[in-house]
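Data from final-v4.pdb: PDB, C-alpha atoms
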```
MODEL        1
ATOM      1  CA  MET A 568      16.027 -28.937 -13.146
ATOM      2  CA  GLU A 569      16.335 -27.267  -9.733
ATOM      3  CA  LEU A 570      14.418 -24.090  -8.902
ATOM      4  CA  ARG A 571      17.618 -22.002  -8.820
ATOM      5  CA  GLU A 572      18.619 -23.278 -12.247
ATOM      6  CA  ILE A 573      15.174 -22.377 -13.611
ATOM      7  CA  GLU A 574      15.608 -18.895 -12.167
ATOM      8  CA  ILE A 575      19.040 -18.527 -13.778
ATOM      9  CA  PHE A 576      17.688 -19.614 -17.154
ATOM     10  CA  LEU A 577      14.678 -17.261 -17.020
ATOM     11  CA  VAL A 578      16.695 -14.240 -15.914
ATOM     12  CA  LEU A 579      19.292 -14.856 -18.621
ATOM     13  CA  ALA A 580      16.483 -15.211 -21.178
ATOM     14  CA  GLU A 581      15.277 -11.767 -20.089
ATOM     15  CA  GLU A 582      18.634  -9.993 -19.739
ATOM     16  CA  LEU A 583      20.491 -11.788 -22.578
ATOM     17  CA  HIS A 584      23.683 -10.890 -20.768
ATOM     18  CA  PHE A 585      25.655 -13.168 -18.429
ATOM     19  CA  GLY A 586      27.085 -10.323 -16.348
ATOM     20  CA  ARG A 587      23.755  -8.604 -15.703
ATOM     21  CA  THR A 588      22.149 -11.953 -14.903
ATOM     22  CA  ALA A 589      24.863 -12.671 -12.368
ATOM     23  CA  ASP A 590      24.434  -9.231 -10.799
ATOM     24  CA  ARG A 591      20.648  -9.596 -10.465
ATOM     25  CA  LEU A 592      20.922 -13.039  -8.900
ATOM     26  CA  ARG A 593      24.037 -12.173  -6.862
ATOM     27  CA  VAL A 594      26.041 -15.072  -8.213
ATOM     28  CA  SER A 595      29.186 -15.252 -10.323
ATOM     29  CA  PRO A 596      29.040 -15.267 -14.144
ATOM     30  CA  ALA A 597      30.741 -18.648 -13.957
ATOM     31  CA  ARG A 598      27.800 -19.974 -11.916
ATOM     32  CA  VAL A 599      25.396 -18.749 -14.608
ATOM     33  CA  SER A 600      27.446 -20.387 -17.387
ATOM     34  CA  GLN A 601      27.689 -23.624 -15.424
ATOM     35  CA  ALA A 602      23.928 -23.784 -14.882
ATOM     36  CA  ILE A 603      23.145 -23.136 -18.552
ATOM     37  CA  ARG A 604      25.641 -25.760 -19.763
ATOM     38  CA  LYS A 605      24.089 -28.284 -17.364
ATOM     39  CA  GLN A 606      20.616 -27.541 -18.702
ATOM     40  CA  GLU A 607      21.792 -27.824 -22.319
ATOM     41  CA  ARG A 608      23.403 -31.200 -21.621
ATOM     42  CA  ALA A 609      20.200 -32.453 -19.985
ATOM     43  CA  ILE A 610      18.017 -31.246 -22.870
ATOM     44  CA  GLY A 611      20.477 -32.185 -25.600
ATOM     45  CA  ALA A 612      20.281 -28.874 -27.436
ATOM     46  CA  GLU A 613      21.597 -25.329 -27.227
ATOM     47  CA  LEU A 614      19.406 -22.871 -25.334
ATOM     48  CA  PHE A 615      21.412 -19.751 -26.205
ATOM     49  CA  LYS A 616      23.565 -18.637 -29.108
ATOM     50  CA  ARG A 617      26.633 -16.894 -27.686
ATOM     51  CA  THR A 618      29.007 -14.645 -29.553
ATOM     52  CA  SER A 619      31.542 -12.117 -28.319
ATOM     53  CA  ARG A 620      28.933  -9.401 -28.867
ATOM     54  CA  SER A 621      25.542 -10.896 -28.055
ATOM     55  CA  VAL A 622      23.512 -13.620 -26.387
ATOM     56  CA  GLN A 623      20.307 -14.792 -28.076
ATOM     57  CA  LEU A 624      17.722 -17.460 -27.298
ATOM     58  CA  THR A 625      17.631 -20.387 -29.701
ATOM     59  CA  PRO A 626      14.251 -21.757 -30.855
ATOM     60  CA  THR A 627      14.646 -24.491 -28.231
ATOM     61  CA  GLY A 628      15.392 -21.847 -25.623
ATOM     62  CA  LYS A 629      12.247 -19.919 -26.524
ATOM     63  CA  VAL A 630      10.133 -23.068 -26.146
ATOM     64  CA  LEU A 631      11.647 -23.675 -22.716
ATOM     65  CA  GLN A 632      11.168 -20.051 -21.663
ATOM     66  CA  GLU A 633       7.477 -20.101 -22.619
ATOM     67  CA  GLY A 634       6.948 -23.384 -20.819
ATOM     68  CA  LEU A 635       8.715 -22.437 -17.601
ATOM     69  CA  ALA A 636       7.716 -18.809 -17.093
ATOM     70  CA  ALA A 637       4.114 -19.268 -15.940
ATOM     71  CA  GLY A 638       4.878 -22.224 -13.687
ATOM     72  CA  TYR A 639       7.857 -20.461 -12.119
ATOM     73  CA  GLN A 640       5.722 -17.401 -11.365
ATOM     74  CA  GLN A 641       3.133 -19.609  -9.648
ATOM     75  CA  ILE A 642       5.849 -21.229  -7.551
ATOM     76  CA  LYS A 643       7.227 -17.819  -6.557
ATOM     77  CA  GLU A 644       3.782 -16.577  -5.579
ATOM     78  CA  ALA A 645       3.095 -19.696  -3.513
ATOM     79  CA  LEU A 646       6.421 -19.378  -1.704
ATOM     80  CA  SER A 647       5.843 -15.677  -1.183
ATOM     81  CA  ALA A 648       2.366 -16.263   0.234
ATOM     82  CA  ALA A 649       3.677 -18.895   2.621
ATOM     83  CA  ALA A 650       6.521 -16.629   3.726
ATOM     84  CA  ALA A 651       4.099 -13.739   4.168
ATOM     85  CA  ALA A 652       1.919 -15.819   6.438
ATOM     86  CA  GLY A 653       4.966 -16.766   8.459
ATOM     87  CA  ARG A 654       6.155 -13.143   8.707
ATOM     88  CA  GLY A 655       2.731 -11.750   9.484
ATOM     89  CA  ILE A 656       2.170  -9.695   6.310
ATOM     90  CA  THR A 657      -1.370  -8.815   7.233
ATOM     91  CA  GLY A 658      -3.382  -5.758   8.152
ATOM     92  CA  GLU A 659      -3.207  -2.548   6.152
ATOM     93  CA  LEU A 660      -0.529  -0.830   4.090
ATOM     94  CA  ALA A 661      -0.780   2.780   2.865
ATOM     95  CA  VAL A 662       1.276   3.514  -0.260
ATOM     96  CA  ALA A 663       1.626   7.060  -1.588
ATOM     97  CA  TYR A 664       2.934   8.476  -4.853
ATOM     98  CA  SER A 665       3.774  11.960  -6.068
ATOM     99  CA  ALA A 666       3.414  12.221  -9.853
ATOM    100  CA  ALA A 667       0.781  10.513 -12.004
ATOM    101  CA  TRP A 668       3.370   8.280 -13.699
ATOM    102  CA  CYS A 669       4.481   7.103 -10.242
ATOM    103  CA  GLY A 670       0.851   6.266  -9.506
ATOM    104  CA  THR A 671       0.649   4.052 -12.586
ATOM    105  CA  LEU A 672       3.552   1.954 -11.316
ATOM    106  CA  VAL A 673       2.208   1.836  -7.748
ATOM    107  CA  VAL A 674      -1.177   0.570  -8.975
ATOM    108  CA  ALA A 675       0.481  -2.154 -11.074
ATOM    109  CA  ALA A 676       2.653  -3.245  -8.143
ATOM    110  CA  THR A 677      -0.351  -3.233  -5.817
ATOM    111  CA  ASP A 678      -2.204  -5.687  -8.059
ATOM    112  CA  VAL A 679       0.731  -8.115  -7.816
ATOM    113  CA  PHE A 680       1.129  -7.557  -4.074
ATOM    114  CA  ARG A 681      -2.559  -8.190  -3.354
ATOM    115  CA  ALA A 682      -2.424 -11.475  -5.267
ATOM    116  CA  ARG A 683       0.578 -12.603  -3.226
ATOM    117  CA  HIS A 684      -0.587 -11.286   0.130
ATOM    118  CA  PRO A 685      -4.389 -11.468   0.202
ATOM    119  CA  ASN A 686      -4.463 -10.880   3.963
ATOM    120  CA  CYS A 687      -2.892  -7.425   3.591
ATOM    121  CA  THR A 688      -5.086  -4.549   2.422
ATOM    122  CA  VAL A 689      -3.317  -1.857   0.376
ATOM    123  CA  ARG A 690      -4.585   1.726   0.278
ATOM    124  CA  ILE A 691      -3.180   4.017  -2.438
ATOM    125  CA  HIS A 692      -2.916   7.773  -1.940
ATOM    126  CA  GLU A 693      -1.617  10.744  -3.865
ATOM    127  CA  SER A 694       1.122  12.421  -1.852
ATOM    128  CA  PRO A 695       0.323  16.015  -0.838
ATOM    129  CA  LEU A 696       2.610  18.513  -2.525
ATOM    130  CA  LEU A 697       2.301  20.840   0.449
ATOM    131  CA  ASP A 698       3.834  18.393   2.957
ATOM    132  CA  PRO A 699       4.947  15.144   1.287
ATOM    133  CA  ILE A 700       6.991  13.841   4.231
ATOM    134  CA  GLY A 701       4.513  14.593   7.020
ATOM    135  CA  PRO A 702       2.231  11.589   6.344
ATOM    136  CA  LEU A 703       5.268   9.263   6.481
ATOM    137  CA  ARG A 704       6.285  10.697   9.831
ATOM    138  CA  ASP A 705       2.851  10.402  11.434
ATOM    139  CA  GLY A 706       2.197   6.918  10.035
ATOM    140  CA  THR A 707      -0.634   7.914   7.681
ATOM    141  CA  HIS A 708       1.503   6.655   4.782
ATOM    142  CA  HIS A 709       3.896   3.716   5.078
ATOM    143  CA  ILE A 710       5.770   3.950   1.750
ATOM    144  CA  GLN A 711       6.100   6.694  -0.823
ATOM    145  CA  LEU A 712       7.372   6.850  -4.412
ATOM    146  CA  ILE A 713       8.524  10.417  -4.974
ATOM    147  CA  GLU A 714      10.990  12.748  -6.679
ATOM    148  CA  LEU A 715      14.392  12.919  -5.061
ATOM    149  CA  PRO A 716      16.451  14.217  -3.341
ATOM    150  CA  ILE A 717      14.992  13.725   0.118
ATOM    151  CA  ASP A 718      17.514  13.850   2.966
ATOM    152  CA  GLU A 719      15.809  13.623   6.353
ATOM    153  CA  PRO A 720      17.321  11.858   9.396
ATOM    154  CA  ASP A 721      14.118   9.994  10.268
ATOM    155  CA  ILE A 722      13.281   8.941   6.699
ATOM    156  CA  VAL A 723      14.906   5.967   4.965
ATOM    157  CA  ASN A 724      15.961   6.496   1.344
ATOM    158  CA  GLY A 725      15.321   3.293  -0.561
ATOM    159  CA  PRO A 726      16.481   2.477  -4.071
ATOM    160  CA  VAL A 727      16.019   4.765  -7.055
ATOM    161  CA  VAL A 728      13.253   3.045  -9.020
ATOM    162  CA  PHE A 729      13.499   4.953 -12.316
ATOM    163  CA  THR A 730      14.648   8.212 -13.854
ATOM    164  CA  GLU A 731      12.947  10.532 -16.326
ATOM    165  CA  PRO A 732      14.293  13.297 -18.596
ATOM    166  CA  ARG A 733      13.416  16.903 -17.774
ATOM    167  CA  ALA A 734      11.442  19.437 -19.753
ATOM    168  CA  LEU A 735      10.602  23.110 -19.378
ATOM    169  CA  VAL A 736       6.920  24.026 -19.401
ATOM    170  CA  VAL A 737       6.508  27.402 -21.114
ATOM    171  CA  PRO A 738       3.560  29.571 -22.245
ATOM    172  CA  ARG A 739       2.263  28.827 -25.721
ATOM    173  CA  GLY A 740       3.530  31.665 -27.898
ATOM    174  CA  HIS A 741       6.746  32.102 -25.872
ATOM    175  CA  PRO A 742       9.934  32.048 -28.015
ATOM    176  CA  PHE A 743      11.022  28.861 -26.215
ATOM    177  CA  ALA A 744       7.843  27.128 -27.393
ATOM    178  CA  GLU A 745       9.132  27.191 -30.967
ATOM    179  CA  ARG A 746      12.322  25.323 -30.105
ATOM    180  CA  ASP A 747      13.003  21.600 -30.265
ATOM    181  CA  THR A 748      15.015  21.777 -27.019
ATOM    182  CA  VAL A 749      16.184  24.217 -24.371
ATOM    183  CA  CYS A 750      19.305  24.245 -22.195
ATOM    184  CA  MET A 751      20.013  25.128 -18.569
ATOM    185  CA  GLU A 752      21.436  28.508 -19.595
ATOM    186  CA  ASP A 753      18.013  29.433 -20.991
ATOM    187  CA  LEU A 754      16.670  29.580 -17.436
ATOM    188  CA  ALA A 755      18.294  33.011 -17.108
ATOM    189  CA  GLU A 756      15.944  34.355 -19.787
ATOM    190  CA  ALA A 757      12.562  33.979 -18.036
ATOM    191  CA  PRO A 758      11.129  34.091 -14.492
ATOM    192  CA  LEU A 759      11.115  30.679 -12.837
ATOM    193  CA  ILE A 760       7.856  29.618 -11.203
ATOM    194  CA  THR A 761       8.656  27.497  -8.158
ATOM    195  CA  VAL A 762       6.905  25.110  -5.795
ATOM    196  CA  THR A 763       7.369  26.066  -2.154
ATOM    197  CA  SER A 764       6.667  24.214   1.120
ATOM    198  CA  GLN A 765       9.430  21.746   0.249
ATOM    199  CA  PRO A 766      12.815  21.357   1.985
ATOM    200  CA  GLN A 767      15.207  24.054   0.839
ATOM    201  CA  TYR A 768      17.695  21.521  -0.557
ATOM    202  CA  PHE A 769      14.877  20.066  -2.696
ATOM    203  CA  ILE A 770      13.919  23.500  -4.030
ATOM    204  CA  ASP A 771      17.556  24.374  -4.776
ATOM    205  CA  HIS A 772      18.001  21.084  -6.655
ATOM    206  CA  HIS A 773      14.926  21.419  -8.897
ATOM    207  CA  TYR A 774      14.725  25.218  -9.082
ATOM    208  CA  PRO A 775      18.327  26.483  -9.225
ATOM    209  CA  ARG A 776      19.172  30.128  -8.571
ATOM    210  CA  ARG A 777      22.008  30.257 -11.097
ATOM    211  CA  THR A 778      22.743  28.662 -14.453
ATOM    212  CA  PRO A 779      25.795  26.404 -14.919
ATOM    213  CA  LYS A 780      27.727  29.493 -16.094
ATOM    214  CA  GLY A 781      26.709  31.458 -13.015
ATOM    215  CA  ARG A 782      24.016  33.699 -14.513
ATOM    216  CA  PRO A 783      21.232  34.538 -12.034
ATOM    217  CA  ILE A 784      17.821  32.939 -12.538
ATOM    218  CA  ARG A 785      14.964  35.271 -11.709
ATOM    219  CA  ARG A 786      12.273  34.052  -9.361
ATOM    220  CA  GLY A 787       8.684  34.338 -10.532
ATOM    221  CA  PRO A 788       5.542  33.527  -8.534
ATOM    222  CA  SER A 789       5.596  30.550  -6.178
ATOM    223  CA  THR A 790       2.824  28.146  -5.255
ATOM    224  CA  THR A 791       2.107  24.920  -3.408
ATOM    225  CA  ALA A 792       0.059  23.157  -6.126
ATOM    226  CA  TRP A 793       1.084  21.732  -9.490
ATOM    227  CA  GLN A 794      -2.108  22.808 -11.260
ATOM    228  CA  GLU A 795      -1.399  26.365 -10.078
ATOM    229  CA  VAL A 796       2.064  26.127 -11.634
ATOM    230  CA  LEU A 797       0.478  25.270 -14.974
ATOM    231  CA  ALA A 798      -2.072  28.081 -14.621
ATOM    232  CA  LEU A 799       0.685  30.614 -13.904
ATOM    233  CA  VAL A 800       2.771  29.392 -16.842
ATOM    234  CA  GLY A 801      -0.248  29.473 -19.131
ATOM    235  CA  ALA A 802      -0.933  33.056 -18.021
ATOM    236  CA  GLY A 803       2.575  34.065 -19.111
ATOM    237  CA  LYS A 804       3.943  34.608 -15.582
ATOM    238  CA  GLY A 805       7.050  32.486 -16.158
ATOM    239  CA  VAL A 806       8.370  29.012 -16.918
ATOM    240  CA  SER A 807       8.928  25.956 -14.761
ATOM    241  CA  PRO A 808      11.024  22.763 -15.010
ATOM    242  CA  THR A 809       9.314  19.405 -14.726
ATOM    243  CA  CYS A 810       9.519  15.801 -15.893
ATOM    244  CA  ALA A 811       9.135  15.443 -19.667
ATOM    245  CA  ARG A 812       6.447  12.815 -19.148
ATOM    246  CA  ALA A 813       4.200  15.510 -17.678
ATOM    247  CA  ALA A 814       3.339  16.491 -21.263
ATOM    248  CA  HIS A 815       1.347  13.253 -21.608
ATOM    249  CA  TYR A 816      -0.494  13.606 -18.291
ATOM    250  CA  TYR A 817      -1.037  17.361 -17.994
ATOM    251  CA  SER A 818      -1.675  18.639 -21.495
ATOM    252  CA  ARG A 819      -3.157  22.149 -21.718
ATOM    253  CA  PRO A 820      -3.855  24.419 -24.688
ATOM    254  CA  ASP A 821      -1.950  27.325 -23.115
ATOM    255  CA  VAL A 822       1.368  25.583 -22.318
ATOM    256  CA  VAL A 823       4.100  23.729 -24.216
ATOM    257  CA  TYR A 824       6.617  21.217 -22.835
ATOM    258  CA  VAL A 825      10.101  21.675 -24.330
ATOM    259  CA  PRO A 826      12.724  18.984 -23.558
ATOM    260  CA  PHE A 827      16.021  19.945 -21.938
ATOM    261  CA  ARG A 828      19.095  18.763 -23.803
ATOM    262  CA  ASP A 829      21.545  19.115 -20.915
ATOM    263  CA  ALA A 830      19.612  18.868 -17.626
ATOM    264  CA  PRO A 831      20.175  15.899 -15.313
ATOM    265  CA  PRO A 832      17.276  13.435 -15.168
ATOM    266  CA  VAL A 833      14.678  13.451 -12.415
ATOM    267  CA  GLU A 834      15.167  10.532 -10.030
ATOM    268  CA  TYR A 835      12.197   8.785  -8.411
ATOM    269  CA  GLY A 836      12.800   6.675  -5.338
ATOM    270  CA  LEU A 837      11.113   4.955  -2.418
ATOM    271  CA  LEU A 838      10.901   6.416   1.076
ATOM    272  CA  TRP A 839       9.629   5.126   4.390
ATOM    273  CA  ALA A 840       9.926   6.170   8.016
ATOM    274  CA  ALA A 841      12.836   4.654   9.920
ATOM    275  CA  THR A 842      10.389   3.701  12.688
ATOM    276  CA  ASN A 843       8.166   1.844  10.227
ATOM    277  CA  SER A 844      10.579  -0.627   8.624
ATOM    278  CA  THR A 845       8.238  -3.630   8.801
ATOM    279  CA  PRO A 846       8.105  -6.919   6.845
ATOM    280  CA  LYS A 847       5.076  -5.774   4.851
ATOM    281  CA  VAL A 848       6.815  -2.522   3.906
ATOM    282  CA  HIS A 849       9.825  -4.426   2.600
ATOM    283  CA  ALA A 850       7.605  -6.992   0.868
ATOM    284  CA  PHE A 851       5.849  -4.203  -1.036
ATOM    285  CA  ILE A 852       9.176  -2.575  -1.926
ATOM    286  CA  GLU A 853      10.398  -5.881  -3.354
ATOM    287  CA  THR A 854       7.175  -6.259  -5.355
ATOM    288  CA  LEU A 855       7.352  -2.711  -6.722
ATOM    289  CA  LEU A 856      10.973  -3.101  -7.819
ATOM    290  CA  GLU A 857      10.131  -6.386  -9.531
ATOM    291  CA  THR A 858       7.143  -4.756 -11.250
ATOM    292  CA  ALA A 859       9.320  -1.875 -12.440
ATOM    293  CA  ARG A 860      11.867  -4.318 -13.902
ATOM    294  CA  ASN A 861       9.145  -6.282 -15.671
ATOM    295  CA  ARG A 862       7.622  -3.141 -17.156
ATOM    296  CA  ARG A 863      11.009  -2.072 -18.521
ATOM    297  CA  ALA A 864      11.420  -5.504 -20.100
ATOM    298  CA  GLU A 865       8.069  -5.308 -21.891
ATOM    299  CA  PRO A 866       8.265  -4.593 -25.631
ATOM    300  CA  PRO A 867       7.234  -1.061 -26.616
ATOM    301  CA  PRO A 868       3.689  -0.639 -27.948
ATOM    302  CA  PRO A 869       3.303  -0.695 -31.734
ATOM    303  CA  VAL A 870       3.504   2.692 -33.426
TER
ENDMDL
END
```

Please re-express this file's structure in structure tokens.
Amino acid sequence: MELREIEIFLVLAEELHFGRTADRLRVSPARVSQAIRKQERAIGAELFKRTSRSVQLTPTGKVLQEGLAAGYQQIKEALSAAAAAGRGITGELAVAYSAAWCGTLVVAATDVFRARHPNCTVRIHESPLLDPIGPLRDGTHHIQLIELPIDEPDIVNGPVVFTEPRALVVPRGHPFAERDTVCMEDLAEAPLITVTSQPQYFIDHHYPRRTPKGRPIRRGPSTTAWQEVLALVGAGKGVSPTCARAAHYYSRPDVVYVPFRDAPPVEYGLLWAATNSTPKVHAFIETLLETARNRRAEPPPPV
């Protein structure tokens, strides 16, 4: 079995969908089908059960998946290490993140990257809320995983890595705190605490001035620090939108996180300076995207 055929089999075993497998590997669905049929002929047994509605691994397919996965990963890491040496992926790489849940992914990707590129040291930093783009511009940070949108002529917008639903953080005891959900129109009912020192288009996107129906949204106090936002909300000075996952990372006795039922999700993407588009930057981006895909494919923890 050739390396490409192993890759096709393993990706299909993960995706269980011929179209998505073809998209990930940038081949045609017919190429995927051809490779799987060839493997099944060589083995003498079906690897997948196909119906018009689903694709499932057979017991033989599961045995093959378990046997190939570890060896294939070792081959990929060896090839990656050799390529890194040839491309000069050495020295130091500074990777920044904004929110705590971004940091969790960056740390996981860094572990994989260090194993593949032992001659490249990775430093991880929390991105400053006051000036998140400045360290990219001056070279202090090389890559950043951050909330979007960011639209700067000297900064490259990489792929969106993941999205998260929004929530509204409100004071405990506020009428909103008793609800299961809130909607965008509810923003007209309480002062909105905002984070300043961000580009105006970013502020307008995350802290709108009007509801979808055109009702004005009052401005409450503004700050440059997330913990200050929570302190102001807890003191009853207003409400503030955020990512719903913040409830798990920034729990406080004086605030409640209420999910939005109609707000667009928060997008998190990768940024780097246009003048710093180096092989090690792109190697880390590739590793982080792969890590994000693998984490999504992991089964959920038991309840």

Quiz item: Once you count all atoms listed in the file, which residues end up no further than 12 Å from (10.6, -5.8, -4.8) in the file's frame, shown as an MDAnalysis selection string?
Solution: chainID A and resid 647 673 676:677 679:680 725:726 728 837 846:861

Exercise. Check what the PyMOL selection byres ((chain A and resi 787) around 9) selects in the file above and give those residues as a ChimeraX atom specification.
Key: /A:757-761,785-786,788-789,804-806

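CA of Val822 in chain A to CA of His692 in chain A spans 27.4 Å [interatomic distance, one decimal].
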
Quiz item: Could you pull the residues within 10 Å of range 571-581 of chain A, counting all atoms listed in the file, minus those fewer than 5 positions along the same chain, as a PyMOL selection string?
Solution: chain A and resi 586-589+591-592+594+598-603+605-606+614-615+622-624+628-629+631-633+635-636+639+861+864-865

Quiz prompt | Residue members of the PyMOL selection byres ((chain A and resi 734) around 9) in the file shown, as a list in words | solution =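 Listing what the PyMOL selection byres ((chain A and resi 734) around 9) selects in the shown file: Pro732, Arg733, Leu735, Val736, Thr748, Val749, Ser807, Pro808, Thr809, Cys810, Ala811, Arg812, Ala813, Ala814, Tyr824, Val825, Pro826, Phe827, Arg828 and Ala830 of chain A.
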
Exercise. Could you check which of A:Pro742, A:Thr763, A:Asp821, A:Ala840 is closest to Pro702 in chain A, using only C-alpha atoms?
Key: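 Of A:Pro742, A:Thr763, A:Asp821, A:Ala840, the one nearest Pro702 in chain A, counting only C-alpha atoms, is A:Ala840.
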
Quiz item: How many Å separate CA of Ile710 in chain A from CA of Ile642 in chain A?
Solution: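 About the pair CA of Ile710 in chain A and CA of Ile642 in chain A: they are 26.8 Å apart.
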
For the structure provided, state which residues fall under the PyMOL selection byres ((chain A and resi 711) around 9), and present them as a compact mmCIF listing (two decimals) with C-alpha atoms, keeping the file's coordinate frame.
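The resulting file, expr16.txt, is reproduced below:
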```txt
# COMPACT_ATOMS: atom_id res chain seq x y z
CA ALA A 661 -0.78 2.78 2.86
CA VAL A 662 1.28 3.51 -0.26
CA ALA A 663 1.63 7.06 -1.59
CA TYR A 664 2.93 8.48 -4.85
CA SER A 665 3.77 11.96 -6.07
CA SER A 694 1.12 12.42 -1.85
CA PRO A 699 4.95 15.14 1.29
CA ILE A 700 6.99 13.84 4.23
CA LEU A 703 5.27 9.26 6.48
CA HIS A 708 1.50 6.66 4.78
CA HIS A 709 3.90 3.72 5.08
CA ILE A 710 5.77 3.95 1.75
CA LEU A 712 7.37 6.85 -4.41
CA ILE A 713 8.52 10.42 -4.97
CA GLY A 836 12.80 6.68 -5.34
CA LEU A 837 11.11 4.96 -2.42
CA LEU A 838 10.90 6.42 1.08
CA TRP A 839 9.63 5.13 4.39
```

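For the pair CA of Arg604 in chain A and CA of Gln641 in chain A, the separation is 25.4 Å.
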
Quiz item: Which residue out of A:Ala792, A:Thr688, A:Arg777, A:Leu696 has the minimum interatomic distance to Gln765 in chain A when only C-alpha atoms are used?
Solution: A:Leu696

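Proximity ranking of A:Asp829, A:Thr845, A:Val762, A:Arg746 relative to Thr657 in chain A places A:Thr845 first, based on all atoms listed in the file.
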